[in-house]
file coords20.cif (mmCIF, C-alpha atoms)
data_upload
loop_
_atom_site.label_atom_id
_atom_site.label_comp_id
_atom_site.auth_asym_id
_atom_site.auth_seq_id
_atom_site.Cartn_x
_atom_site.Cartn_y
_atom_site.Cartn_z
CA MET P 16 0.00 0.00 0.00
CA PRO P 17 1.43 3.34 -0.93
CA LYS P 18 1.29 5.95 1.75
CA ILE P 19 -1.33 8.64 1.38
CA SER P 20 0.43 11.91 1.19
CA THR P 21 -0.03 13.90 4.34
CA ALA P 22 1.62 16.96 2.99
CA SER P 23 -1.62 18.95 3.11
CA LEU P 24 -2.45 18.02 6.68
CA PRO P 25 -0.60 20.99 8.13
CA ASP P 26 -2.60 23.27 5.88
CA ILE P 27 -5.86 21.84 7.09
CA VAL P 28 -4.84 22.26 10.68
CA PHE P 29 -3.69 25.74 9.94
CA ILE P 30 -7.02 26.60 8.35
CA LEU P 31 -8.88 25.24 11.34
CA LEU P 32 -6.76 27.38 13.56
CA CYS P 33 -7.49 30.40 11.40
CA PHE P 34 -11.18 29.66 11.57
CA PHE P 35 -11.20 29.60 15.31
CA MET P 36 -9.09 32.70 15.56
CA VAL P 37 -11.37 34.64 13.33
CA SER P 38 -14.69 33.45 14.65
CA THR P 39 -14.16 33.60 18.37
CA THR P 40 -14.57 37.06 19.66
CA MET P 41 -12.42 37.59 22.68
CA ARG P 42 -14.32 38.94 25.58
CA GLU P 43 -12.34 41.96 26.52
CA THR P 44 -13.97 42.61 29.83
CA THR P 45 -14.59 40.03 32.46
CA LEU P 46 -18.11 40.42 33.67
CA ILE P 47 -18.51 41.05 37.34
CA VAL P 48 -22.21 41.64 37.12
CA LYS P 49 -24.69 39.11 35.82
CA PHE P 50 -27.59 40.02 33.63
CA LYS P 51 -30.33 38.37 31.69
CA LEU P 52 -31.16 40.62 28.79
CA PRO P 53 -34.77 41.54 28.12
CA GLU P 54 -36.41 40.25 24.98
CA ALA P 55 -37.76 42.26 22.09
CA THR P 56 -38.92 41.66 18.55
CA GLU P 57 -37.99 44.95 16.93
CA VAL P 58 -34.28 44.81 17.42
CA GLN P 59 -31.55 46.10 15.21
CA LYS P 60 -28.08 44.70 14.85
CA LEU P 61 -25.27 46.67 16.32
CA GLU P 62 -23.00 47.50 13.44
CA LYS P 63 -19.33 48.24 13.83
CA LYS P 64 -18.51 46.65 17.14
CA ALA P 65 -15.39 48.77 17.42
CA LEU P 66 -17.54 51.85 17.81
CA VAL P 67 -19.62 50.56 20.67
CA SER P 68 -18.97 51.11 24.32
CA PHE P 69 -20.76 48.98 26.82
CA ILE P 70 -22.34 49.76 30.13
CA TYR P 71 -23.34 46.72 32.13
CA VAL P 72 -25.96 46.83 34.83
CA GLY P 73 -26.89 43.93 37.03
CA GLN P 74 -26.39 42.07 40.24
CA PRO P 75 -22.79 41.40 41.24
CA VAL P 76 -21.64 37.90 40.42
CA LYS P 77 -20.06 37.50 43.84
CA SER P 78 -22.70 37.70 46.48
CA THR P 79 -20.27 39.35 48.87
CA PHE P 80 -20.92 42.56 46.97
CA GLY P 81 -24.61 42.41 47.77
CA THR P 82 -27.59 41.97 45.54
CA GLU P 83 -28.17 45.59 44.64
CA SER P 84 -27.97 46.43 40.93
CA ARG P 85 -24.52 47.73 40.16
CA ILE P 86 -22.98 49.42 37.16
CA GLN P 87 -19.91 47.96 35.55
CA LEU P 88 -17.64 50.01 33.34
CA ASN P 89 -14.61 48.28 31.85
CA ASP P 90 -13.47 45.84 34.50
CA GLN P 91 -14.77 47.33 37.68
CA PHE P 92 -17.78 48.54 39.55
CA ALA P 93 -18.64 52.14 38.95
CA THR P 94 -21.05 54.73 40.15
CA ILE P 95 -23.24 57.09 38.19
CA GLY P 96 -20.61 59.81 38.51
CA ASP P 97 -18.01 57.77 36.62
CA ILE P 98 -20.01 57.59 33.42
CA GLN P 99 -19.04 60.94 31.98
CA ALA P 100 -15.35 60.20 32.46
CA PHE P 101 -15.86 56.77 30.94
CA ILE P 102 -17.50 58.24 27.84
CA ALA P 103 -14.69 60.77 27.56
CA THR P 104 -12.00 58.08 27.59
CA GLU P 105 -13.97 55.94 25.15
CA ARG P 106 -14.19 58.91 22.82
CA GLU P 107 -10.51 59.67 23.25
CA ALA P 108 -9.63 56.14 22.17
CA ARG P 109 -11.35 56.47 18.81
CA ASP P 110 -10.40 58.29 15.65
CA GLU P 111 -11.70 61.78 15.34
CA VAL P 112 -13.85 60.89 12.35
CA ASP P 113 -15.44 57.98 14.15
CA ARG P 114 -16.34 59.80 17.30
CA LYS P 115 -19.75 60.92 16.26
CA PHE P 116 -20.73 57.35 15.38
CA LEU P 117 -19.97 56.10 18.86
CA THR P 118 -22.87 54.15 20.29
CA THR P 119 -23.40 53.27 23.90
CA SER P 120 -24.95 49.92 24.49
CA ILE P 121 -26.72 49.45 27.78
CA LYS P 122 -26.65 45.82 28.78
CA ALA P 123 -28.93 45.70 31.75
CA ASP P 124 -30.62 42.92 33.58
CA ARG P 125 -34.32 42.64 32.94
CA ASP P 126 -35.13 43.06 36.60
CA THR P 127 -33.24 46.31 36.97
CA ARG P 128 -35.29 49.23 38.23
CA MET P 129 -35.60 52.04 35.71
CA GLY P 130 -34.18 54.50 38.21
CA VAL P 131 -30.66 53.29 37.50
CA ILE P 132 -31.24 53.36 33.74
CA THR P 133 -32.72 56.84 33.88
CA ASP P 134 -29.70 58.08 35.80
CA ILE P 135 -27.40 56.54 33.22
CA LYS P 136 -29.39 58.12 30.42
CA GLN P 137 -29.16 61.53 32.05
CA GLU P 138 -25.39 61.16 32.43
CA LEU P 139 -25.05 60.09 28.81
CA ARG P 140 -27.00 63.13 27.72
CA LYS P 141 -24.69 65.36 29.70
CA ALA P 142 -21.69 63.60 28.20
CA GLY P 143 -23.09 64.07 24.73
CA ALA P 144 -23.41 60.37 23.94
CA PHE P 145 -26.84 60.50 22.37
CA LYS P 146 -26.81 57.28 20.40
CA ILE P 147 -27.80 54.50 22.72
CA ASN P 148 -28.88 50.95 22.33
CA TYR P 149 -30.95 49.01 24.81
CA SER P 150 -29.40 45.63 24.38
CA SER P 151 -32.03 42.96 24.09
CA ARG P 152 -32.32 39.48 22.75
CA LYS P 153 -34.22 38.98 19.54
CA ILE P 154 -37.28 36.82 19.76
CA SER P 155 -39.58 36.07 16.89
CA ARG P 156 -42.99 37.63 16.71
CA THR P 157 -45.90 35.63 17.94
CA LYS P 158 -48.97 36.73 16.16
CA MET I 28 8.80 -10.19 -3.72
CA GLY I 29 10.16 -7.70 -6.17
CA LYS I 30 6.90 -7.63 -8.08
CA LYS I 31 5.29 -5.05 -5.80
CA LYS I 32 2.68 -3.36 -7.86
CA GLU I 33 3.17 0.37 -7.96
CA LEU I 34 -0.14 2.07 -7.13
CA PRO I 35 -0.49 5.59 -8.36
CA GLU I 36 -0.28 8.04 -5.49
CA ILE I 37 -3.52 9.83 -4.57
CA ASN I 38 -3.32 13.36 -5.62
CA ALA I 39 -3.89 15.41 -2.51
CA SER I 40 -3.17 18.80 -3.91
CA SER I 41 -6.87 19.64 -4.05
CA MET I 42 -7.23 18.95 -0.36
CA ALA I 43 -6.22 22.48 0.44
CA ASP I 44 -8.94 23.82 -1.81
CA ILE I 45 -11.54 21.64 -0.18
CA ALA I 46 -10.42 22.80 3.22
CA PHE I 47 -10.56 26.36 2.04
CA LEU I 48 -14.10 25.95 0.81
CA LEU I 49 -15.04 24.51 4.17
CA LEU I 50 -13.46 27.45 5.90
CA ILE I 51 -15.36 29.92 3.76
CA PHE I 52 -18.59 28.02 4.30
CA PHE I 53 -18.17 28.26 8.06
CA LEU I 54 -17.20 31.87 7.98
CA VAL I 55 -20.29 32.76 6.02
CA THR I 56 -22.79 30.70 7.96
CA VAL I 57 -21.66 30.92 11.55
CA THR I 58 -22.61 34.18 13.16
CA MET I 59 -21.05 34.56 16.52
CA ASP I 60 -23.29 36.17 19.08
CA VAL I 61 -24.46 39.29 17.33
CA ASP I 62 -25.32 42.17 19.57
CA THR I 63 -28.86 43.30 19.04
CA GLY I 64 -30.98 45.89 20.71
CA ILE I 65 -33.39 48.74 20.39
CA THR I 66 -31.62 51.84 19.17
CA ARG I 67 -32.70 55.24 20.39
CA LYS I 68 -31.40 58.72 20.16
CA LEU I 69 -31.38 60.75 23.34
CA PRO I 70 -32.27 64.41 23.22
CA PRO I 71 -29.55 66.90 24.09
CA PRO I 72 -29.74 68.20 27.64
CA ILE I 73 -32.03 71.15 28.19
CA GLU I 74 -29.90 74.19 28.85
CA ASP I 75 -32.39 76.60 30.33
CA ASP I 76 -36.09 76.23 30.81
CA SER I 77 -36.91 76.89 27.19
CA LYS I 78 -39.63 74.33 27.16
CA VAL I 79 -40.77 73.20 23.79
CA ASP I 80 -44.46 73.75 23.80
CA PHE I 81 -46.30 70.99 22.12
CA ASN I 82 -49.95 71.19 21.49
CA GLN I 83 -51.64 68.80 23.87
CA ARG I 84 -53.47 67.06 21.06
CA ASN I 85 -50.15 66.15 19.46
CA ILE I 86 -48.88 64.25 22.44
CA PHE I 87 -49.59 60.62 23.07
CA GLU I 88 -48.83 60.07 26.69
CA VAL I 89 -47.66 56.71 27.85
CA LEU I 90 -46.88 56.31 31.51
CA VAL I 91 -45.49 53.23 33.18
CA ASN I 92 -45.69 53.20 36.95
CA SER I 93 -43.63 51.36 39.48
CA ALA I 94 -46.05 48.44 39.47
CA ASN I 95 -45.49 48.11 35.71
CA GLN I 96 -48.97 49.31 34.87
CA LEU I 97 -49.68 51.39 31.83
CA LEU I 98 -51.52 54.65 31.62
CA VAL I 99 -52.19 55.64 28.04
CA GLU I 100 -53.69 59.06 27.42
CA GLY I 101 -55.11 59.17 30.92
CA LYS I 102 -56.73 55.78 30.72
CA GLU I 103 -55.53 52.44 31.85
CA GLY I 104 -53.61 50.90 29.01
CA ASN I 105 -52.81 47.46 27.84
CA LEU I 106 -49.62 46.21 26.26
CA ALA I 107 -51.58 44.16 23.74
CA THR I 108 -53.45 47.13 22.33
CA LEU I 109 -50.69 49.70 22.69
CA LYS I 110 -49.41 49.17 19.18
CA GLU I 111 -52.79 49.69 17.54
CA ASP I 112 -53.53 52.67 19.78
CA THR I 113 -50.27 54.28 18.81
CA LYS I 114 -50.90 53.75 15.12
CA HIS I 115 -54.42 55.08 15.39
CA PHE I 116 -53.20 58.12 17.26
CA PHE I 117 -50.33 58.91 14.95
CA LEU I 118 -52.17 58.43 11.69
CA ASN I 119 -55.43 59.98 12.86
CA PRO I 120 -57.38 58.42 9.98
CA ALA I 121 -60.68 60.18 10.71
CA ASN I 122 -59.10 63.60 11.29
CA GLU I 123 -60.46 63.79 14.79
CA ILE I 124 -60.05 67.02 16.66
CA ASN I 125 -58.33 65.53 19.70
CA LEU I 126 -55.80 63.56 17.69
CA PRO I 127 -52.68 65.15 16.19
CA GLU I 128 -52.67 67.74 13.46
CA LYS I 129 -51.44 66.84 10.05
CA LYS I 130 -49.52 69.01 7.72
CA LEU I 131 -49.53 68.69 3.96
CA GLU I 132 -45.93 68.45 2.86
CA ASN I 133 -44.22 67.93 -0.41
CA ILE I 134 -41.76 65.10 -0.12
CA ASP I 135 -39.44 63.82 -2.82
CA LEU I 136 -40.64 60.68 -4.56
CA MET I 137 -43.98 60.86 -2.76
CA GLY I 138 -45.55 64.11 -3.75
CA GLU I 139 -48.01 65.74 -1.43
CA VAL I 140 -48.53 63.74 1.72
CA PHE I 141 -49.95 64.41 5.14
CA VAL I 142 -47.30 64.32 7.82
CA SER I 143 -48.55 63.77 11.33
CA LYS I 144 -47.26 66.01 14.06
CA GLY I 145 -47.87 63.39 16.70
CA VAL I 146 -45.24 62.58 19.29
CA VAL I 147 -45.25 59.69 21.71
CA SER I 148 -44.15 60.75 25.13
CA LEU I 149 -42.95 57.84 27.19
CA LYS I 150 -42.59 58.39 30.88
CA ASN I 151 -41.56 55.92 33.48
CA ASP I 152 -41.15 55.76 37.17
CA ARG I 153 -37.87 55.03 38.90
CA GLY I 154 -39.40 51.80 40.10
CA THR I 155 -40.49 50.51 36.70
CA SER I 156 -38.76 47.31 35.75
CA TYR I 157 -36.41 47.44 32.81
CA GLU I 158 -38.12 44.48 31.22
CA MET I 159 -41.48 46.25 31.15
CA TYR I 160 -39.86 49.39 29.80
CA ILE I 161 -38.28 47.45 26.95
CA LYS I 162 -41.60 45.76 26.23
CA VAL I 163 -43.29 49.14 25.91
CA GLN I 164 -40.45 50.50 23.78
CA ASN I 165 -40.74 47.41 21.64
CA GLU I 166 -44.46 47.87 21.06
CA LEU I 167 -43.96 51.52 20.18
CA THR I 168 -41.15 50.68 17.79
CA ARG I 169 -43.34 48.06 16.24
CA ALA I 170 -46.13 50.55 15.70
CA PHE I 171 -43.82 52.88 13.83
CA GLN I 172 -42.25 50.03 11.92
CA GLU I 173 -45.66 48.84 10.77
CA MET I 174 -46.71 52.32 9.73
CA ARG I 175 -43.52 52.62 7.70
CA ASP I 176 -44.14 49.24 6.12
CA GLU I 177 -47.69 50.16 5.19
CA LEU I 178 -46.63 53.45 3.66
CA SER I 179 -43.76 51.84 1.84
CA VAL I 180 -45.94 49.10 0.40
CA GLU I 181 -48.49 51.67 -0.69
CA LYS I 182 -45.99 53.94 -2.40
CA PHE I 183 -43.22 51.64 -3.58
CA GLY I 184 -44.70 48.18 -3.39
CA VAL I 185 -42.15 46.72 -0.97
CA LYS I 186 -41.73 46.76 2.78
CA TYR I 187 -39.61 49.43 4.38
CA ASN I 188 -36.78 47.11 5.29
CA ASP I 189 -36.66 45.82 1.73
CA LEU I 190 -36.22 49.25 0.22
CA THR I 191 -32.84 49.37 -1.42
CA ASP I 192 -32.85 52.96 -2.57
CA PRO I 193 -31.69 55.20 0.29
CA GLN I 194 -33.71 58.07 -1.15
CA LYS I 195 -36.89 56.07 -0.82
CA GLN I 196 -35.94 55.16 2.73
CA GLU I 197 -35.44 58.80 3.54
CA ALA I 198 -38.79 59.67 2.03
CA VAL I 199 -40.53 57.14 4.26
CA GLN I 200 -38.58 58.38 7.26
CA ALA I 201 -39.64 61.92 6.49
CA VAL I 202 -43.31 61.00 6.51
CA ILE I 203 -43.09 58.73 9.53
CA PRO I 204 -40.26 59.72 11.83
CA ILE I 205 -39.78 57.63 14.94
CA ALA I 206 -41.34 60.23 17.19
CA ILE I 207 -40.78 58.67 20.57
CA SER I 208 -39.69 61.04 23.25
CA GLU I 209 -38.23 59.64 26.40
CA ALA I 210 -39.36 62.40 28.63
CA GLU I 211 -37.41 64.11 31.35
CA PRO I 212 -37.35 61.92 34.41
CA GLU I 213 -39.91 62.59 37.01
CA ASP I 214 -41.57 60.52 39.62
CA ILE I 215 -45.00 59.31 38.75
CA GLY I 216 -46.30 58.25 42.08
CA GLY I 217 -46.02 54.86 43.64
CA THR I 218 -42.34 55.27 44.43
CA LYS I 219 -41.29 53.46 47.51
#

call {"tool": "encode", "arguments": {"input": "coords20.cif", "output": "structure tokens"}}
result
Amino acid sequence: MPKISTASLPDIVFILLCFFMVSTTMRETTLIVKFKLPEATEVQKLEKKALVSFIYVGQPVKSTFGTESRIQLNDQFATIGDIQAFIATEREARDEVDRKFLTTSIKADRDTRMGVITDIKQELRKAGAFKINYSSRKISRTK
Amino acid sequence: MGKKKELPEINASSMADIAFLLLIFFLVTVTMDVDTGITRKLPPPIEDDSKVDFNQRNIFEVLVNSANQLLVEGKEGNLATLKEDTKHFFLNPANEINLPEKKLENIDLMGEVFVSKGVVSLKNDRGTSYEMYIKVQNELTRAFQEMRDELSVEKFGVKYNDLTDPQKQEAVQAVIPIAISEAEPEDIGGTK
């Protein structure tokens, strides 16, 4: 029996590797709050991930931090007062041309009270980040 | 033993191509968790108290209290009928006096059309749950989406999302803007 040439095997492996590298999105921030997103039917896709900054709201993962809804910016807990500075740094990190396309995505737990969200919205208005996105999971319409 | 029959070697040079096709197939089909959500534009902060005076008939008031109950135009509302109510209000088909005014405007590609001056004002309490708020936002968005679809089908024969010409999209947007105002925060009773 002649040997089957395995010369292309490295290529295949390499391609697989490429596939995984491309398709897995690295989670840049480790979540320290947990949230279950609300559901909606009329959702739009968030285009241009690079131009989105995220604000997470939910219960802390570790129960030692209590069960109160907390805000997470980047990797740590934050308070309402930190949002303007956060938006400023996010804006600073982008190209000048892209800045006006910056969207803020609010990923909040479905059981959050609106008080927190309203406060965040007010801060975003003051910071001039008017484009927001209420992150929600897409469900199909039941008619 | 020297009569070993020489089998032709399998040509594996196309293997790479096959693998490449597979790769492309996966790349195209697999969508890794796409972020979706309801997009809104916040109004700029109010500098002084230069309140924009809207005519009362042009405002469709939706209140959500801390017990997640709806108050629509002063009456108890229902999530199931909110969409139809919103559409009825905004379009004002019978030209009722207590529903919003309409202005005849000349819009590219459409000609003379009536543009409603209606605005949905959504107010919530600090105690409203986020889930309920999103549900209400969703119904309102749906109302506007359906109105856009209906208009688009009437004028161009396809649904709004299927319009490929950006000019046509703009025309529909001009007639039916997403007029949802997330009002200034205020407490609507029932706060603990």

call {"tool": "closest_atom_pairs", "arguments": {"input": "coords20.cif", "of": "chain P", "to": "chain I", "cutoff": "7 Å", "atoms": "all atoms listed in the file", "output": "tab-separated table"}}
result
residue	atom	partner	partner_atom	distance
P:Pro17	CA	I:Leu34	CA	6.5
P:Ile19	CA	I:Ile37	CA	6.5
P:Ser20	CA	I:Ala39	CA	6.7
P:Ser23	CA	I:Ala43	CA	6.4
P:Asp26	CA	I:Ala43	CA	6.6
P:Ile27	CA	I:Ala46	CA	6.1
P:Ile30	CA	I:Leu50	CA	6.9
P:Phe34	CA	I:Leu50	CA	6.5
P:Ser38	CA	I:Met59	CA	6.7
P:Pro53	CA	I:Glu158	CA	5.4
P:Ala55	CA	I:Asn165	CA	6.0
P:Thr56	CA	I:Asn165	CA	6.8
P:Glu57	CA	I:Asn165	CA	6.0
P:Val58	CA	I:Gly64	CA	4.8
P:Gln59	CA	I:Thr63	CA	5.5
P:Lys60	CA	I:Thr63	CA	4.5
P:Leu61	CA	I:Asp62	CA	5.6
P:Arg125	CA	I:Glu158	CA	4.6
P:Asp126	CA	I:Ser156	CA	5.7
P:Thr127	CA	I:Tyr157	CA	5.4
P:Arg128	CA	I:Ser156	CA	4.7
P:Met129	CA	I:Arg153	CA	4.9
P:Gly130	CA	I:Arg153	CA	3.8
P:Thr133	CA	I:Pro212	CA	6.9
P:Arg140	CA	I:Pro72	CA	5.8
P:Lys141	CA	I:Pro72	CA	6.1
P:Phe145	CA	I:Leu69	CA	4.6
P:Lys146	CA	I:Lys68	CA	4.8
P:Ile147	CA	I:Arg67	CA	5.5
P:Asn148	CA	I:Thr66	CA	4.3
P:Tyr149	CA	I:Ile65	CA	5.1
P:Ser150	CA	I:Gly64	CA	4.0
P:Ser151	CA	I:Gly64	CA	4.6
P:Arg152	CA	I:Thr63	CA	6.4
P:Lys153	CA	I:Thr63	CA	6.9

call {"tool": "resolve_selection", "arguments": {"input": "coords20.cif", "expression": "the PyMOL selection byres ((chain I and resi 130-132) around 9)", "output": "JSON, numbers by chain"}}
result
{"I": [128, 129, 133, 134, 138, 139, 140, 141, 142, 143, 144, 202]}

call {"tool": "residues_around", "arguments": {"input": "coords20.cif", "residues": "P:Leu117", "least_positions_apart": "3", "cutoff": "6 Å", "atoms": "all atoms listed in the file", "output": "PyMOL selection string"}}
result
chain P and resi 66-67+114

call {"tool": "resolve_selection", "arguments": {"input": "coords20.cif", "expression": "the PyMOL selection byres ((chain P and resi 68-80) around 8)", "output": "list of chain:residue names"}}
result
P:Ile47, P:Val48, P:Lys49, P:Phe50, P:Leu66, P:Val67, P:Gly81, P:Thr82, P:Glu83, P:Ser84, P:Arg85, P:Ile86, P:Gln87, P:Leu88, P:Asn89, P:Glu105, P:Leu117, P:Thr118, P:Thr119, P:Ser120, P:Ile121, P:Lys122, P:Ala123, P:Asp124, P:Thr127

call {"tool": "resolve_selection", "arguments": {"input": "coords20.cif", "expression": "the PyMOL selection byres ((chain P and resi 142) around 8)", "output": "list in words"}}
result
Gln99, Ile102, Ala103, Glu138, Leu139, Arg140, Lys141, Gly143 and Ala144 of chain P

call {"tool": "write_last_selection", "arguments": {"input": "coords20.cif", "atoms": "C-alpha atoms", "output": "PDB file, in the frame of the given file"}}
result
ATOM      1  CA  GLN P  99     -19.040  60.940  31.980  1.00  0.00           C
ATOM      2  CA  ILE P 102     -17.500  58.240  27.840  1.00  0.00           C
ATOM      3  CA  ALA P 103     -14.690  60.770  27.560  1.00  0.00           C
ATOM      4  CA  GLU P 138     -25.390  61.160  32.430  1.00  0.00           C
ATOM      5  CA  LEU P 139     -25.050  60.090  28.810  1.00  0.00           C
ATOM      6  CA  ARG P 140     -27.000  63.130  27.720  1.00  0.00           C
ATOM      7  CA  LYS P 141     -24.690  65.360  29.700  1.00  0.00           C
ATOM      8  CA  GLY P 143     -23.090  64.070  24.730  1.00  0.00           C
ATOM      9  CA  ALA P 144     -23.410  60.370  23.940  1.00  0.00           C
TER      10      ALA P 144
END

call {"tool": "build_atoms", "arguments": {"input": "coords20.cif", "residues": "stretch 52-73 of chain P", "atoms": "N, CA and C atoms", "output": "PDB file, keeping the file's coordinate frame"}}
result
ATOM      1  N   LEU P  52     -30.656  39.522  29.611  1.00  0.00           N
ATOM      2  CA  LEU P  52     -31.160  40.620  28.790  1.00  0.00           C
ATOM      3  C   LEU P  52     -32.654  40.490  28.565  1.00  0.00           C
ATOM      4  N   PRO P  53     -33.355  41.614  28.461  1.00  0.00           N
ATOM      5  CA  PRO P  53     -34.770  41.540  28.120  1.00  0.00           C
ATOM      6  C   PRO P  53     -34.950  41.086  26.679  1.00  0.00           C
ATOM      7  N   GLU P  54     -36.165  40.733  26.336  1.00  0.00           N
ATOM      8  CA  GLU P  54     -36.410  40.250  24.980  1.00  0.00           C
ATOM      9  C   GLU P  54     -37.248  41.242  24.207  1.00  0.00           C
ATOM     10  N   ALA P  55     -36.998  41.344  22.932  1.00  0.00           N
ATOM     11  CA  ALA P  55     -37.760  42.260  22.090  1.00  0.00           C
ATOM     12  C   ALA P  55     -37.820  41.698  20.678  1.00  0.00           C
ATOM     13  N   THR P  56     -38.803  42.146  19.925  1.00  0.00           N
ATOM     14  CA  THR P  56     -38.920  41.660  18.550  1.00  0.00           C
ATOM     15  C   THR P  56     -38.332  42.648  17.557  1.00  0.00           C
ATOM     16  N   GLU P  57     -38.414  43.924  17.888  1.00  0.00           N
ATOM     17  CA  GLU P  57     -37.990  44.950  16.930  1.00  0.00           C
ATOM     18  C   GLU P  57     -36.556  45.377  17.198  1.00  0.00           C
ATOM     19  N   VAL P  58     -35.645  44.441  17.107  1.00  0.00           N
ATOM     20  CA  VAL P  58     -34.280  44.810  17.420  1.00  0.00           C
ATOM     21  C   VAL P  58     -33.474  45.063  16.159  1.00  0.00           C
ATOM     22  N   GLN P  59     -32.449  45.851  16.324  1.00  0.00           N
ATOM     23  CA  GLN P  59     -31.550  46.100  15.210  1.00  0.00           C
ATOM     24  C   GLN P  59     -30.185  45.559  15.588  1.00  0.00           C
ATOM     25  N   LYS P  60     -29.435  45.175  14.590  1.00  0.00           N
ATOM     26  CA  LYS P  60     -28.080  44.700  14.850  1.00  0.00           C
ATOM     27  C   LYS P  60     -27.196  45.884  15.161  1.00  0.00           C
ATOM     28  N   LEU P  61     -26.265  45.636  16.046  1.00  0.00           N
ATOM     29  CA  LEU P  61     -25.270  46.670  16.320  1.00  0.00           C
ATOM     30  C   LEU P  61     -24.160  46.547  15.299  1.00  0.00           C
ATOM     31  N   GLU P  62     -24.061  47.529  14.445  1.00  0.00           N
ATOM     32  CA  GLU P  62     -23.000  47.500  13.440  1.00  0.00           C
ATOM     33  C   GLU P  62     -21.725  48.056  14.048  1.00  0.00           C
ATOM     34  N   LYS P  63     -20.629  47.686  13.442  1.00  0.00           N
ATOM     35  CA  LYS P  63     -19.330  48.240  13.830  1.00  0.00           C
ATOM     36  C   LYS P  63     -19.076  48.126  15.336  1.00  0.00           C
ATOM     37  N   LYS P  64     -18.752  46.926  15.716  1.00  0.00           N
ATOM     38  CA  LYS P  64     -18.510  46.650  17.140  1.00  0.00           C
ATOM     39  C   LYS P  64     -17.441  47.559  17.742  1.00  0.00           C
ATOM     40  N   ALA P  65     -16.493  47.964  16.900  1.00  0.00           N
ATOM     41  CA  ALA P  65     -15.390  48.770  17.420  1.00  0.00           C
ATOM     42  C   ALA P  65     -15.873  50.126  17.904  1.00  0.00           C
ATOM     43  N   LEU P  66     -17.051  50.528  17.444  1.00  0.00           N
ATOM     44  CA  LEU P  66     -17.540  51.850  17.810  1.00  0.00           C
ATOM     45  C   LEU P  66     -18.617  51.785  18.885  1.00  0.00           C
ATOM     46  N   VAL P  67     -18.613  50.709  19.632  1.00  0.00           N
ATOM     47  CA  VAL P  67     -19.620  50.560  20.670  1.00  0.00           C
ATOM     48  C   VAL P  67     -18.945  50.492  22.033  1.00  0.00           C
ATOM     49  N   SER P  68     -19.443  51.270  22.953  1.00  0.00           N
ATOM     50  CA  SER P  68     -18.970  51.110  24.320  1.00  0.00           C
ATOM     51  C   SER P  68     -20.106  50.542  25.155  1.00  0.00           C
ATOM     52  N   PHE P  69     -19.745  49.708  26.068  1.00  0.00           N
ATOM     53  CA  PHE P  69     -20.760  48.980  26.820  1.00  0.00           C
ATOM     54  C   PHE P  69     -20.859  49.446  28.266  1.00  0.00           C
ATOM     55  N   ILE P  70     -22.084  49.507  28.711  1.00  0.00           N
ATOM     56  CA  ILE P  70     -22.340  49.760  30.130  1.00  0.00           C
ATOM     57  C   ILE P  70     -23.158  48.575  30.625  1.00  0.00           C
ATOM     58  N   TYR P  71     -22.627  47.891  31.610  1.00  0.00           N
ATOM     59  CA  TYR P  71     -23.340  46.720  32.130  1.00  0.00           C
ATOM     60  C   TYR P  71     -24.019  47.076  33.445  1.00  0.00           C
ATOM     61  N   VAL P  72     -25.233  46.603  33.592  1.00  0.00           N
ATOM     62  CA  VAL P  72     -25.960  46.830  34.830  1.00  0.00           C
ATOM     63  C   VAL P  72     -26.551  45.507  35.289  1.00  0.00           C
ATOM     64  N   GLY P  73     -26.308  45.164  36.525  1.00  0.00           N
ATOM     65  CA  GLY P  73     -26.890  43.930  37.030  1.00  0.00           C
ATOM     66  C   GLY P  73     -26.416  43.636  38.429  1.00  0.00           C
TER      67      GLY P  73
END
